[in-house]
file my_file03.cif (mmCIF, C-alpha atoms and all ligand atoms)
data_final
#
loop_
_atom_site.label_atom_id
_atom_site.label_comp_id
_atom_site.auth_asym_id
_atom_site.auth_seq_id
_atom_site.Cartn_x
_atom_site.Cartn_y
_atom_site.Cartn_z
CA MET A 1 70.08 100.24 106.87
CA ALA A 2 69.86 96.51 107.23
CA TYR A 3 68.41 94.18 104.64
CA ASN A 4 65.55 91.79 105.27
CA THR A 5 67.16 88.62 106.61
CA GLY A 6 64.04 86.46 106.53
CA ILE A 7 63.07 83.84 104.01
CA ARG A 8 59.82 83.84 102.08
CA ASP A 9 57.55 80.96 103.12
CA GLN A 10 59.82 79.81 105.95
CA ILE A 11 57.33 79.71 108.81
CA ALA A 12 58.25 81.96 111.73
CA THR A 13 58.49 79.78 114.82
CA SER A 14 59.43 82.51 117.25
CA LEU A 15 59.01 86.21 117.79
CA SER A 16 61.97 88.40 116.85
CA THR A 17 63.89 90.11 119.63
CA ALA A 18 62.35 93.45 118.66
CA ALA A 19 58.85 91.96 118.73
CA SER A 20 59.39 90.45 122.17
CA SER A 21 60.28 93.81 123.68
CA TYR A 22 57.56 95.79 121.88
CA TYR A 23 54.72 94.34 123.97
CA THR A 24 54.95 95.54 127.58
CA GLY A 25 52.70 96.69 130.41
CA SER A 26 49.10 97.10 129.29
CA TYR A 27 50.25 96.02 125.86
CA SER A 28 51.79 92.73 127.01
CA TYR A 29 50.45 89.63 125.32
CA SER A 30 48.60 88.54 128.45
CA SER A 31 46.89 91.96 128.70
CA LEU A 32 46.01 92.11 125.02
CA SER A 33 44.75 88.56 124.77
CA ALA A 34 42.46 89.08 127.76
CA LEU A 35 40.55 91.60 125.63
CA SER A 36 38.27 91.09 122.66
CA GLY A 37 36.08 93.02 120.26
CA SER A 38 36.05 96.80 120.44
CA SER A 39 38.16 96.99 123.62
CA LEU A 40 40.91 95.00 121.93
CA LYS A 41 40.60 97.07 118.78
CA SER A 42 40.93 100.28 120.71
CA ARG A 43 43.97 99.01 122.70
CA LEU A 44 45.71 97.85 119.53
CA TYR A 45 44.97 101.16 117.82
CA THR A 46 46.54 103.07 120.72
CA LEU A 47 49.61 100.85 120.61
CA MET A 48 50.18 101.05 116.85
CA ASN A 49 49.33 104.76 116.71
CA SER A 50 51.34 105.95 119.73
CA THR A 51 54.48 104.05 118.74
CA MET A 52 54.36 105.32 115.15
CA THR A 53 56.89 108.09 115.65
CA LYS A 54 57.63 108.79 112.02
CA SER A 55 55.80 108.78 108.69
CA VAL A 56 57.84 108.26 105.59
CA THR A 57 56.83 110.09 102.43
CA TYR A 58 55.09 108.40 99.54
CA LYS A 59 58.01 109.37 97.32
CA SER A 60 60.62 107.91 99.67
CA LEU A 61 59.00 104.45 99.85
CA THR A 62 61.11 103.25 96.95
CA THR A 63 64.30 104.04 98.84
CA TYR A 64 63.27 101.80 101.77
CA TRP A 65 61.95 98.79 99.85
CA PRO A 66 65.31 97.55 98.57
CA TYR A 67 66.05 96.96 102.28
CA THR A 68 62.71 96.10 103.89
CA ASP A 69 61.57 93.97 100.96
CA ALA A 70 64.98 92.55 100.11
CA GLU A 71 65.51 88.92 99.37
CA LYS A 72 67.87 86.60 101.22
CA GLY A 73 69.67 89.34 103.09
CA LYS A 74 70.73 91.08 99.89
CA SER A 75 69.59 94.25 98.22
CA GLY A 76 66.64 93.80 95.90
CA THR A 77 62.90 93.91 96.02
CA VAL A 78 60.37 91.13 96.19
CA LEU A 79 57.31 92.08 94.13
CA PHE A 80 54.23 91.75 96.34
CA TYR A 81 51.79 89.68 94.28
CA SER A 82 54.33 88.07 91.96
CA ASP A 83 56.54 86.96 94.86
CA GLU A 84 59.50 87.37 92.54
CA TYR A 85 62.64 89.42 92.79
CA SER A 86 62.90 92.50 90.58
CA THR A 87 64.53 95.91 90.47
CA SER A 88 61.55 97.30 88.56
CA PHE A 89 58.37 98.04 90.51
CA ASN A 90 55.74 100.61 91.35
CA ARG A 91 53.82 101.51 94.48
CA GLU A 92 50.84 99.36 95.42
CA HIS A 93 48.17 100.36 97.91
CA VAL A 94 47.17 96.84 99.00
CA TRP A 95 44.01 98.39 100.48
CA PRO A 96 42.80 100.16 97.34
CA LYS A 97 42.98 103.92 97.71
CA SER A 98 39.53 104.36 96.14
CA ARG A 99 38.15 102.30 99.04
CA GLY A 100 40.10 104.09 101.76
CA SER A 101 40.14 107.57 103.23
CA PHE A 102 43.75 108.06 102.20
CA TYR A 103 45.72 108.76 99.08
CA GLN A 104 49.43 109.45 99.45
CA ILE A 105 49.70 110.61 103.05
CA LYS A 106 49.05 108.88 106.40
CA GLY A 107 47.66 105.40 105.61
CA GLY A 108 48.51 106.02 101.97
CA CYS A 109 52.27 106.04 102.58
CA ASP A 110 52.58 103.70 105.56
CA LEU A 111 55.40 101.17 105.03
CA HIS A 112 53.34 98.45 106.70
CA HIS A 113 50.73 98.99 103.97
CA LEU A 114 52.41 100.04 100.74
CA ARG A 115 54.24 97.37 98.77
CA PRO A 116 56.34 97.22 95.63
CA ALA A 117 54.49 95.48 92.81
CA ASN A 118 54.90 94.87 89.13
CA ALA A 119 53.16 97.72 87.32
CA ALA A 120 51.08 95.47 85.04
CA VAL A 121 50.00 93.14 87.85
CA ASN A 122 49.21 96.13 90.05
CA SER A 123 47.10 97.62 87.29
CA THR A 124 45.24 94.35 86.65
CA ARG A 125 44.52 93.88 90.34
CA GLY A 126 43.05 97.40 90.27
CA ASN A 127 40.75 97.99 93.24
CA HIS A 128 39.05 94.60 93.10
CA THR A 129 37.84 92.87 96.24
CA MET A 130 40.13 90.10 97.45
CA GLY A 131 38.52 86.70 97.59
CA ASN A 132 38.60 83.07 96.61
CA LEU A 133 38.11 82.09 92.98
CA ASN A 134 39.56 78.61 93.59
CA HIS A 135 42.35 79.37 91.15
CA LYS A 136 39.79 79.91 88.41
CA GLY A 137 38.98 82.98 86.37
CA THR A 138 41.44 84.86 84.22
CA ALA A 139 45.01 84.02 85.14
CA VAL A 140 47.11 87.07 85.93
CA THR A 141 50.69 86.41 84.91
CA TYR A 142 54.11 87.83 85.55
CA SER A 143 57.09 86.61 83.56
CA GLY A 144 55.20 83.49 82.43
CA LYS A 145 54.08 82.57 85.93
CA THR A 146 50.49 82.76 87.18
CA VAL A 147 50.44 85.18 90.10
CA GLY A 148 46.72 85.57 90.68
CA TRP A 149 43.23 85.06 89.28
CA LEU A 150 40.74 87.72 88.27
CA ASP A 151 36.98 87.78 87.74
CA THR A 152 36.07 91.34 86.81
CA GLY A 153 32.33 90.53 86.64
CA ALA A 154 32.43 89.35 90.25
CA ASP A 155 34.81 92.19 91.19
CA MET A 156 37.18 89.60 92.63
CA PHE A 157 40.93 89.10 92.66
CA GLU A 158 42.55 86.02 94.20
CA PRO A 159 46.25 86.30 95.04
CA LEU A 160 48.70 83.39 95.28
CA ASP A 161 48.10 81.11 98.26
CA ASN A 162 51.34 82.16 99.92
CA VAL A 163 50.44 85.84 99.57
CA LYS A 164 46.93 85.52 101.04
CA GLY A 165 48.05 85.71 104.67
CA ASP A 166 50.24 88.72 103.89
CA VAL A 167 47.20 90.48 102.39
CA ALA A 168 45.01 89.59 105.37
CA ARG A 169 47.55 90.92 107.87
CA ILE A 170 47.97 94.18 105.96
CA TYR A 171 44.19 94.58 105.81
CA LEU A 172 43.87 94.03 109.56
CA TYR A 173 46.59 96.59 110.17
CA MET A 174 44.71 99.15 108.03
CA TYR A 175 41.43 98.28 109.72
CA VAL A 176 42.83 98.99 113.19
CA ARG A 177 45.70 101.47 112.78
CA TRP A 178 44.00 103.63 110.14
CA GLN A 179 40.40 102.88 111.24
CA GLN A 180 39.17 101.88 107.79
CA PRO A 181 35.80 100.23 108.59
CA ASN A 182 34.89 98.68 105.22
CA LEU A 183 36.98 95.55 105.71
CA TYR A 184 34.58 92.74 104.79
CA GLN A 185 31.32 94.70 104.59
CA ASP A 186 30.37 97.72 102.53
CA VAL A 187 30.01 100.85 104.62
CA ALA A 188 27.77 103.83 103.85
CA LYS A 189 29.50 107.11 103.01
CA SER A 190 28.10 108.74 106.12
CA GLU A 191 29.87 106.17 108.32
CA LEU A 192 33.28 106.46 106.69
CA PRO A 193 36.13 108.29 108.37
CA ALA A 194 36.96 111.77 107.10
CA MET A 195 39.19 111.72 104.09
CA ASP A 196 42.79 112.88 104.33
CA SER A 197 43.56 116.32 102.93
CA ASP A 198 45.03 114.90 99.71
CA ASP A 199 42.22 112.40 99.14
CA SER A 200 39.06 112.73 97.09
CA ALA A 201 37.43 109.30 96.91
CA ASN A 202 36.33 106.51 99.23
CA ASP A 203 33.48 104.40 97.93
CA GLY A 204 33.26 102.39 101.16
CA GLN A 205 33.16 99.02 99.43
CA ALA A 206 34.52 95.99 101.29
CA VAL A 207 38.10 95.01 100.45
CA ILE A 208 37.74 91.27 101.12
CA GLU A 209 34.76 89.05 100.41
CA SER A 210 34.01 87.90 103.96
CA LEU A 211 35.30 87.58 107.50
CA ASP A 212 35.59 83.82 106.96
CA THR A 213 37.90 84.41 104.00
CA LEU A 214 40.01 86.86 105.97
CA LEU A 215 40.49 84.46 108.89
CA SER A 216 41.00 81.42 106.68
CA TRP A 217 43.77 83.24 104.81
CA MET A 218 45.38 84.17 108.15
CA ALA A 219 45.39 80.48 109.10
CA SER A 220 46.33 78.90 105.77
CA ASP A 221 49.28 81.20 105.06
CA PRO A 222 51.12 81.58 108.37
CA VAL A 223 53.62 84.33 109.11
CA ASP A 224 57.02 83.65 107.58
CA THR A 225 60.44 84.83 108.73
CA TRP A 226 60.53 87.36 105.88
CA GLU A 227 57.36 89.07 107.13
CA MET A 228 58.75 89.05 110.68
CA SER A 229 62.03 90.63 109.52
CA ARG A 230 60.08 93.19 107.47
CA ASN A 231 58.10 94.07 110.59
CA ASP A 232 61.38 94.64 112.49
CA LEU A 233 62.83 96.85 109.75
CA THR A 234 59.63 98.86 109.44
CA GLN A 235 59.65 99.36 113.21
CA ASP A 236 63.22 100.69 112.88
CA ILE A 237 61.96 103.26 110.38
CA GLN A 238 58.55 104.36 111.60
CA GLY A 239 58.46 103.06 115.18
CA ASN A 240 55.40 100.83 115.19
CA ARG A 241 54.76 97.18 114.34
CA ASN A 242 51.94 95.31 112.66
CA VAL A 243 50.65 93.34 115.66
CA PHE A 244 48.85 90.86 113.40
CA ILE A 245 52.20 89.59 112.15
CA ASP A 246 53.50 89.01 115.67
CA TYR A 247 50.22 87.73 117.15
CA PRO A 248 47.92 86.68 114.29
CA GLU A 249 45.67 84.95 116.84
CA LEU A 250 44.46 88.38 117.98
CA ALA A 251 42.49 88.61 114.72
CA TRP A 252 40.06 85.99 116.02
CA LYS A 253 39.68 87.80 119.35
CA LEU A 254 39.09 91.06 117.51
CA PHE A 255 35.94 89.57 115.98
CA GLY A 256 34.86 87.61 119.06
CA LYS A 257 35.81 84.26 117.55
CA THR A 258 37.54 81.30 119.15
CA VAL A 259 41.19 81.03 118.18
CA PRO A 260 41.67 77.72 116.31
CA SER A 261 43.61 75.31 118.52
CA ASN A 262 45.87 74.25 115.65
CA LEU A 263 46.74 77.75 114.47
CA THR A 264 50.39 78.26 113.54
CA THR A 265 51.71 81.44 115.09
CA PRO A 266 55.18 82.87 115.69
CA SER A 267 54.77 82.89 119.46
CA LYS A 268 52.93 79.57 119.78
CA ASN A 269 50.53 81.33 122.14
CA SER A 270 47.52 80.59 120.00
CA GLY A 271 44.61 79.02 121.73
CA ALA A 272 46.49 79.11 125.02
CA SER A 273 44.75 80.01 128.21
CA THR A 274 45.11 83.69 128.96
CA THR A 275 45.68 82.97 132.65
CA VAL A 276 48.74 81.27 134.05
CA PRO A 277 47.80 78.06 135.88
CA SER A 278 48.72 78.15 139.55
CA THR A 279 49.89 74.56 139.68
CA LYS A 280 51.80 72.34 137.34
CA PRO A 281 49.70 69.78 135.51
CA SER A 282 49.96 66.49 137.38
CA VAL A 283 49.85 64.29 134.29
CA ARG A 284 51.32 64.52 130.86
CA PRO A 285 48.92 65.62 128.14
CA SER A 286 47.20 62.63 126.62
CA ALA A 287 47.54 63.95 123.10
CA ALA A 288 50.51 62.57 121.22
CA PRO A 289 53.15 65.16 120.41
CA THR A 290 53.25 66.33 116.85
CA THR A 291 56.08 64.52 115.17
CA THR A 292 58.47 66.27 112.86
CA PRO A 293 57.38 65.62 109.29
CA ALA A 294 59.71 63.26 107.46
CA GLU A 295 60.46 65.97 104.89
CA LYS A 296 62.18 68.13 107.46
CA GLY A 297 65.91 67.94 107.99
CA VAL A 298 69.08 68.75 106.15
CA TYR A 299 69.28 68.16 102.41
CA LYS A 300 72.72 67.90 100.87
CA ARG A 301 73.60 68.31 97.23
CA ILE A 302 74.53 64.96 95.75
CA SER A 303 77.66 64.65 93.69
CA SER A 304 77.08 61.46 91.74
CA VAL A 305 74.23 59.53 90.22
CA SER A 306 75.02 56.55 92.44
CA GLU A 307 73.81 58.55 95.45
CA ILE A 308 70.30 58.86 94.09
CA GLY A 309 68.92 55.54 95.31
CA THR A 310 65.25 54.76 95.69
CA GLY A 311 62.81 56.03 98.26
CA GLY A 312 64.96 58.98 99.24
CA GLN A 313 63.55 62.44 99.58
CA PHE A 314 64.85 65.17 97.35
CA VAL A 315 64.57 68.83 96.52
CA LEU A 316 65.11 69.66 92.87
CA VAL A 317 66.86 72.97 92.47
CA GLY A 318 67.49 75.13 89.44
CA VAL A 319 69.80 78.13 89.47
CA ASN A 320 69.14 80.69 86.79
CA GLY A 321 70.80 84.09 87.12
CA ASN A 322 69.12 85.82 90.05
CA TYR A 323 66.88 82.89 90.79
CA THR A 324 67.56 79.89 92.96
CA ARG A 325 64.35 77.95 92.89
CA ALA A 326 63.07 74.55 93.84
CA MET A 327 60.41 72.71 91.87
CA SER A 328 57.16 72.86 93.83
CA ASN A 329 53.99 70.83 93.49
CA THR A 330 52.13 73.78 91.97
CA LEU A 331 51.14 73.11 88.40
CA ASN A 332 50.39 76.04 86.10
CA SER A 333 49.50 75.44 82.47
CA GLY A 334 51.70 72.39 82.18
CA ARG A 335 54.66 73.90 83.98
CA MET A 336 55.83 73.32 87.51
CA ALA A 337 56.13 76.45 89.59
CA GLY A 338 59.48 77.37 91.08
CA LYS A 339 59.66 78.31 94.72
CA ALA A 340 62.50 80.41 96.11
CA VAL A 341 64.86 78.31 98.20
CA THR A 342 67.87 79.22 100.28
CA ILE A 343 71.04 77.18 100.02
CA SER A 344 73.87 77.58 102.43
CA ASN A 345 77.05 75.48 102.41
CA ASN A 346 75.49 73.24 99.76
CA THR A 347 72.62 72.34 102.06
CA ILE A 348 68.93 73.16 102.37
CA SER A 349 67.37 72.99 105.82
CA ASN A 350 63.80 72.04 106.64
CA PRO A 351 62.25 72.71 103.25
CA ASP A 352 58.53 73.22 102.83
CA SER A 353 56.80 69.92 102.06
CA SER A 354 55.55 71.32 98.75
CA ILE A 355 59.07 71.14 97.30
CA VAL A 356 59.99 67.69 98.61
CA TRP A 357 59.87 64.83 96.12
CA THR A 358 60.23 61.11 96.70
CA LEU A 359 61.93 58.99 94.07
CA LYS A 360 60.33 55.65 93.31
CA GLN A 361 62.28 53.18 91.24
CA GLN A 362 60.67 51.81 88.13
CA SER A 363 61.29 48.38 86.65
CA ALA A 364 64.49 49.29 84.87
CA ALA A 365 67.59 50.16 86.87
CA GLY A 366 68.27 53.87 87.17
CA ARG A 367 64.74 54.85 86.24
CA TYR A 368 62.66 56.74 88.75
CA SER A 369 59.28 58.35 88.99
CA LEU A 370 58.80 61.48 91.06
CA TYR A 371 56.18 61.44 93.80
CA ASN A 372 55.14 64.51 95.74
CA SER A 373 53.44 63.74 99.03
CA ALA A 374 52.08 67.28 99.41
CA ALA A 375 50.25 66.80 96.12
CA GLY A 376 49.67 63.10 96.81
CA LYS A 377 50.44 62.28 93.19
CA TYR A 378 53.12 61.20 90.78
CA LEU A 379 54.48 63.67 88.30
CA VAL A 380 53.74 63.06 84.65
CA ILE A 381 56.66 64.24 82.54
CA ASN A 382 55.92 64.62 78.86
CA ALA A 383 58.70 66.03 76.74
CA ASN A 384 57.13 69.34 75.91
CA SER A 385 58.34 72.71 77.09
CA THR A 386 54.93 74.22 77.72
CA THR A 387 52.58 71.34 78.48
CA GLY A 388 55.08 68.86 79.84
CA PHE A 389 53.72 68.23 83.32
CA ALA A 390 50.63 66.87 84.98
CA PHE A 391 49.85 64.77 88.04
CA THR A 392 48.66 61.19 88.07
CA SER A 393 47.72 58.67 90.71
CA THR A 394 49.91 55.93 89.19
CA PRO A 395 53.47 56.32 87.95
CA ALA A 396 53.52 56.56 84.17
CA TYR A 397 56.62 58.52 83.31
CA TYR A 398 60.07 58.46 84.69
CA PHE A 399 63.47 59.98 84.38
CA ASP A 400 66.55 58.00 83.64
CA ALA A 401 69.35 58.85 86.03
CA ALA A 402 71.82 56.19 84.94
CA ASN A 403 71.73 57.35 81.37
CA ALA A 404 71.91 61.06 82.07
CA ALA A 405 74.25 62.67 79.59
CA ASP A 406 75.43 65.26 82.07
CA LYS A 407 75.98 63.26 85.23
CA ALA A 408 78.32 65.81 86.74
CA SER A 409 75.56 68.39 87.00
CA ASN A 410 72.98 65.83 88.09
CA ALA A 411 70.70 66.95 85.34
CA ILE A 412 67.55 64.91 85.43
CA TYR A 413 67.05 63.48 81.98
CA LEU A 414 63.80 62.06 80.90
CA SER A 415 63.56 58.96 78.89
CA THR A 416 60.16 58.57 77.35
CA THR A 417 59.55 55.98 74.72
CA ALA A 418 58.01 58.41 72.30
CA THR A 419 60.48 61.22 72.27
CA GLY A 420 63.82 60.07 73.57
CA LYS A 421 65.90 61.89 76.15
CA ARG A 422 64.95 65.29 77.40
CA ASN A 423 65.60 66.94 80.69
CA ILE A 424 63.72 68.87 83.32
CA SER A 425 65.19 72.34 83.40
CA ILE A 426 64.50 75.68 84.94
CA TYR A 427 63.69 78.41 82.47
CA GLN A 428 63.13 81.89 83.87
CA THR A 429 61.25 80.99 87.03
CA ASP A 430 59.43 77.77 86.28
CA PHE A 431 60.31 74.21 85.39
CA ARG A 432 59.82 72.70 81.97
CA ALA A 433 60.49 69.38 80.31
CA TYR A 434 62.70 70.18 77.39
CA ALA A 435 66.39 70.37 76.55
CA LYS A 436 67.68 73.63 75.25
CA ALA A 437 70.92 75.54 75.65
CA ASN A 438 69.37 78.40 77.59
CA TYR A 439 67.51 76.14 80.00
CA TYR A 440 69.38 75.50 83.21
CA PRO A 441 69.71 71.95 84.53
CA LEU A 442 68.64 70.83 87.97
CA TYR A 443 70.64 69.84 90.99
CA LEU A 444 69.43 67.20 93.38
CA TYR A 445 69.52 67.74 97.12
CA LYS A 446 68.92 64.61 99.17
CA LEU A 447 67.66 64.32 102.74
CA SER A 448 70.62 63.09 104.75
CA CA B 501 40.70 107.24 98.92
CA CA B 502 52.77 84.39 103.05
#
call {"tool": "encode", "arguments": {"input": "my_file03.cif", "output": "structure tokens"}}
result
Amino acid sequence: MAYNTGIRDQIATSLSTAASSYYTGSYSYSSLSALSGSSLKSRLYTLMNSTMTKSVTYKSLTTYWPYTDAEKGKSGTVLFYSDEYSTSFNREHVWPKSRGSFYQIKGGCDLHHLRPANAAVNSTRGNHTMGNLNHKGTAVTYSGKTVGWLDTGADMFEPLDNVKGDVARIYLYMYVRWQQPNLYQDVAKSELPAMDSDDSANDGQAVIESLDTLLSWMASDPVDTWEMSRNDLTQDIQGNRNVFIDYPELAWKLFGKTVPSNLTTPSKNSGASTTVPSTKPSVRPSAAPTTTPAEKGVYKRISSVSEIGTGGQFVLVGVNGNYTRAMSNTLNSGRMAGKAVTISNNTISNPDSSIVWTLKQQSAAGRYSLYNSAAGKYLVINANSTTGFAFTSTPAYYFDAANAADKASNAIYLSTTATGKRNISIYQTDFRAYAKANYYPLYLYKLS
């Protein structure tokens, strides 16, 4: 079996080869996108049901995940909510089994649905409704990193922003393929589908707070290449695909809504006319083309402090055992979150803007502040391992490149007047401002 070759959070800009050939005849994109509402739902059900030629067993799921949920083309498993690599996991019904007419057969063992998760996180998530808590509520943590927020009183769990779209697409798959009606509205027992033979409970409660939330998560967390590759591998195993990964725009049509014109989709068909124009347009579109963001391009690892310079754009990478992570603009309890990054031949290509930092020179030579345009703020760097970071609108702290003790490794050393030199290091999976033997230094990759 092949391993997942996609990359988490790398936006899918095309359909895979397998996806392109899956949609034919009355299931071609033009046929599907001409439908809406219940006729679309019924067509998609027939497609995903009739092509599902095999069901794996609940027990065997764990033998597939090290391939389907692998990281960077290598064996291993990405934990669903934690978005971290681990060899230790249990089985998570993303659609809670107490709110579905399944247990461990049919929809309860479908590879498109079931995901490996950390046991403690899985247990904390429980069967709570998914929804927005605006990153408030009780933080749910895994290995020191916040991986979700919980409000038990409100029966609400909010996953990480980059997991929200994955959740929404799984929910839509369950809604259509397994005909679970209680998606965003509670459904009376009498209207629920019959339970599977191994199942004993379905309380019919909604699994996400609203349709608006579902669609906004589809839009804000677009399909990445990892999800696309996972869809291919799952098709290899059980025959069918999750159509909402290939054509997320169909979610809007399913509920009779207008597809947002700026929606990011793998096929770029979103918002497009469903009929082919008979003539070429006579004039160019008046709208300006979207320019490539300045952050995109090839970043190369620098080999000396003299290459740092001012105004350049950088990705700050820490390598710690299994983890190769870039510092992102996500701040959790005074630490900067690490985001998985792929490096090949000492370069990083087209990184997400959330991990791109601009260096701004301070008054003294060799001293720079770090500015993140995605956050729109400068990074405050106090020398404290657990509360070292914050954001500010004016540069107040800096690191001292010229006086770095370990120039060969490009470690970024801080120089604050109060505490002397420290460095920014990766520890486990996040970034901290402290110097310690078991903290790994950073490497700088500069946009070339
Ligand atoms: Ca159930
Ligand atoms: Ca995602």
call {"tool": "residues_around", "arguments": {"input": "my_file03.cif", "residues": "Asn346 (chain A)", "least_positions_apart": "3", "cutoff": "9 Å", "atoms": "all atoms listed in the file", "output": "count of residues only"}}
result
5
call {"tool": "closest_residue", "arguments": {"input": "my_file03.cif", "among": "A:Arg8, A:Lys446, A:His113, A:Lys97", "to": "Asp221 (chain A)", "atoms": "all atoms listed in the file"}}
result
A:Arg8
call {"tool": "residues_near_ligand", "arguments": {"input": "my_file03.cif", "ligand": "ligand CA 501 (chain B)", "cutoff": "10 Å", "atoms": "all atoms listed in the file", "output": "PyMOL selection string"}}
result
chain A and resi 95-104+107-108+195-196+198-204
call {"tool": "residues_near_ligand", "arguments": {"input": "my_file03.cif", "ligand": "ligand CA 502 (chain B)", "cutoff": "6 Å", "atoms": "all atoms listed in the file", "output": "VMD selection string"}}
result
chain A and resid 9 162 to 163 165 to 166 221
call {"tool": "write_last_selection", "arguments": {"input": "my_file03.cif", "atoms": "C-alpha atoms", "output": "tab-separated table (two decimals), in the frame of the given file"}}
result
chain	number	residue	atom	x	y	z
A	9	ASP	CA	57.55	80.96	103.12
A	162	ASN	CA	51.34	82.16	99.92
A	163	VAL	CA	50.44	85.84	99.57
A	165	GLY	CA	48.05	85.71	104.67
A	166	ASP	CA	50.24	88.72	103.89
A	221	ASP	CA	49.28	81.20	105.06
call {"tool": "closest_residue", "arguments": {"input": "my_file03.cif", "among": "A:Lys360, A:Lys74, A:His135, A:Arg177", "to": "Met52 (chain A)", "atoms": "only C-alpha atoms"}}
result
A:Arg177
call {"tool": "closest_residue", "arguments": {"input": "my_file03.cif", "among": "A:Lys253, A:Lys136, A:Arg125, A:Arg230", "to": "Leu40 (chain A)", "atoms": "only C-alpha atoms"}}
result
A:Lys253
call {"tool": "residues_around", "arguments": {"input": "my_file03.cif", "residues": "Leu254 (chain A)", "least_positions_apart": "3", "cutoff": "8 Å", "atoms": "all atoms listed in the file", "output": "PyMOL selection string"}}
result
chain A and resi 36-38+40-41+250-251+257
call {"tool": "closest_atom_pairs", "arguments": {"input": "my_file03.cif", "of": "region 167-215 of chain A", "to": "region 151-158 of chain A", "cutoff": "10 Å", "atoms": "all atoms listed in the file", "output": "Markdown table"}}
result
| residue | atom | partner | partner_atom | distance |
| --- | --- | --- | --- | --- |
| A:Val207 | CA | A:Met156 | CA | 9.6 |
| A:Ile208 | CA | A:Met156 | CA | 8.7 |
| A:Glu209 | CA | A:Met156 | CA | 8.2 |
call {"tool": "closest_residue", "arguments": {"input": "my_file03.cif", "among": "A:Asn231, A:Asn332, A:Ser20, A:Ser39", "to": "Phe391 (chain A)", "atoms": "all atoms listed in the file"}}
result
A:Asn332
call {"tool": "residues_around", "arguments": {"input": "my_file03.cif", "residues": "region 13-19 of chain A", "least_positions_apart": "5", "cutoff": "10 Å", "atoms": "only C-alpha atoms", "output": "PyMOL selection string"}}
result
chain A and resi 222-225+228-229+231-233+235-236+241-243+245-247+264-268
call {"tool": "residues_around", "arguments": {"input": "my_file03.cif", "residues": "region 79-81 of chain A", "least_positions_apart": "5", "cutoff": "7 Å", "atoms": "all atoms listed in the file", "output": "ChimeraX atom specification"}}
result
/A:86,115-118,147,159,163
call {"tool": "atom_distance", "arguments": {"input": "my_file03.cif", "atom1": "CA of Ser448 (chain A)", "atom2": "CA of Thr330 (chain A)"}}
result
24.9 Å
call {"tool": "closest_residue", "arguments": {"input": "my_file03.cif", "among": "A:Gly25, A:Pro351, A:Pro260, A:Gly144", "to": "Leu47 (chain A)", "atoms": "only C-alpha atoms"}}
result
A:Gly25
call {"tool": "closest_residue", "arguments": {"input": "my_file03.cif", "among": "A:Pro181, A:Gly256, A:Gly73, A:Pro248", "to": "Ser216 (chain A)", "atoms": "all atoms listed in the file"}}
result
A:Pro248
call {"tool": "residues_around", "arguments": {"input": "my_file03.cif", "residues": "Tyr58 (chain A)", "least_positions_apart": "3", "cutoff": "7 Å", "atoms": "only C-alpha atoms", "output": "list in words"}}
result
Leu61, Gln104, Ile105 and Cys109 of chain A
call {"tool": "atom_distance", "arguments": {"input": "my_file03.cif", "atom1": "CA of Asn122 (chain A)", "atom2": "CA of Asn49 (chain A)"}}
result
28.0 Å
call {"tool": "atom_distance", "arguments": {"input": "my_file03.cif", "atom1": "CA of Trp226 (chain A)", "atom2": "CA of His112 (chain A)"}}
result
13.2 Å
call {"tool": "build_atoms", "arguments": {"input": "my_file03.cif", "residues": "region 186-195 of chain A", "atoms": "N, CA and C atoms", "output": "PDB file, in the frame of the given file"}}
result
ATOM      1  N   ASP A 186      30.480  96.360 103.063  1.00  0.00           N
ATOM      2  CA  ASP A 186      30.370  97.720 102.530  1.00  0.00           C
ATOM      3  C   ASP A 186      29.903  98.647 103.657  1.00  0.00           C
ATOM      4  N   VAL A 187      30.381  99.876 103.601  1.00  0.00           N
ATOM      5  CA  VAL A 187      30.010 100.850 104.620  1.00  0.00           C
ATOM      6  C   VAL A 187      29.480 102.117 103.931  1.00  0.00           C
ATOM      7  N   ALA A 188      28.373 102.640 104.442  1.00  0.00           N
ATOM      8  CA  ALA A 188      27.770 103.830 103.850  1.00  0.00           C
ATOM      9  C   ALA A 188      28.707 105.026 103.982  1.00  0.00           C
ATOM     10  N   LYS A 189      28.632 105.916 103.023  1.00  0.00           N
ATOM     11  CA  LYS A 189      29.500 107.110 103.010  1.00  0.00           C
ATOM     12  C   LYS A 189      29.454 107.870 104.319  1.00  0.00           C
ATOM     13  N   SER A 190      28.258 107.950 104.898  1.00  0.00           N
ATOM     14  CA  SER A 190      28.100 108.740 106.120  1.00  0.00           C
ATOM     15  C   SER A 190      28.860 108.130 107.311  1.00  0.00           C
ATOM     16  N   GLU A 191      29.189 106.850 107.213  1.00  0.00           N
ATOM     17  CA  GLU A 191      29.870 106.170 108.320  1.00  0.00           C
ATOM     18  C   GLU A 191      31.369 106.037 108.102  1.00  0.00           C
ATOM     19  N   LEU A 192      31.854 106.574 106.996  1.00  0.00           N
ATOM     20  CA  LEU A 192      33.280 106.460 106.690  1.00  0.00           C
ATOM     21  C   LEU A 192      34.060 107.533 107.422  1.00  0.00           C
ATOM     22  N   PRO A 193      35.327 107.249 107.741  1.00  0.00           N
ATOM     23  CA  PRO A 193      36.130 108.290 108.370  1.00  0.00           C
ATOM     24  C   PRO A 193      36.363 109.449 107.409  1.00  0.00           C
ATOM     25  N   ALA A 194      36.681 110.608 107.952  1.00  0.00           N
ATOM     26  CA  ALA A 194      36.960 111.770 107.100  1.00  0.00           C
ATOM     27  C   ALA A 194      38.157 111.466 106.210  1.00  0.00           C
ATOM     28  N   MET A 195      38.088 111.966 105.011  1.00  0.00           N
ATOM     29  CA  MET A 195      39.190 111.720 104.090  1.00  0.00           C
ATOM     30  C   MET A 195      40.384 112.604 104.440  1.00  0.00           C
TER      31      MET A 195
END
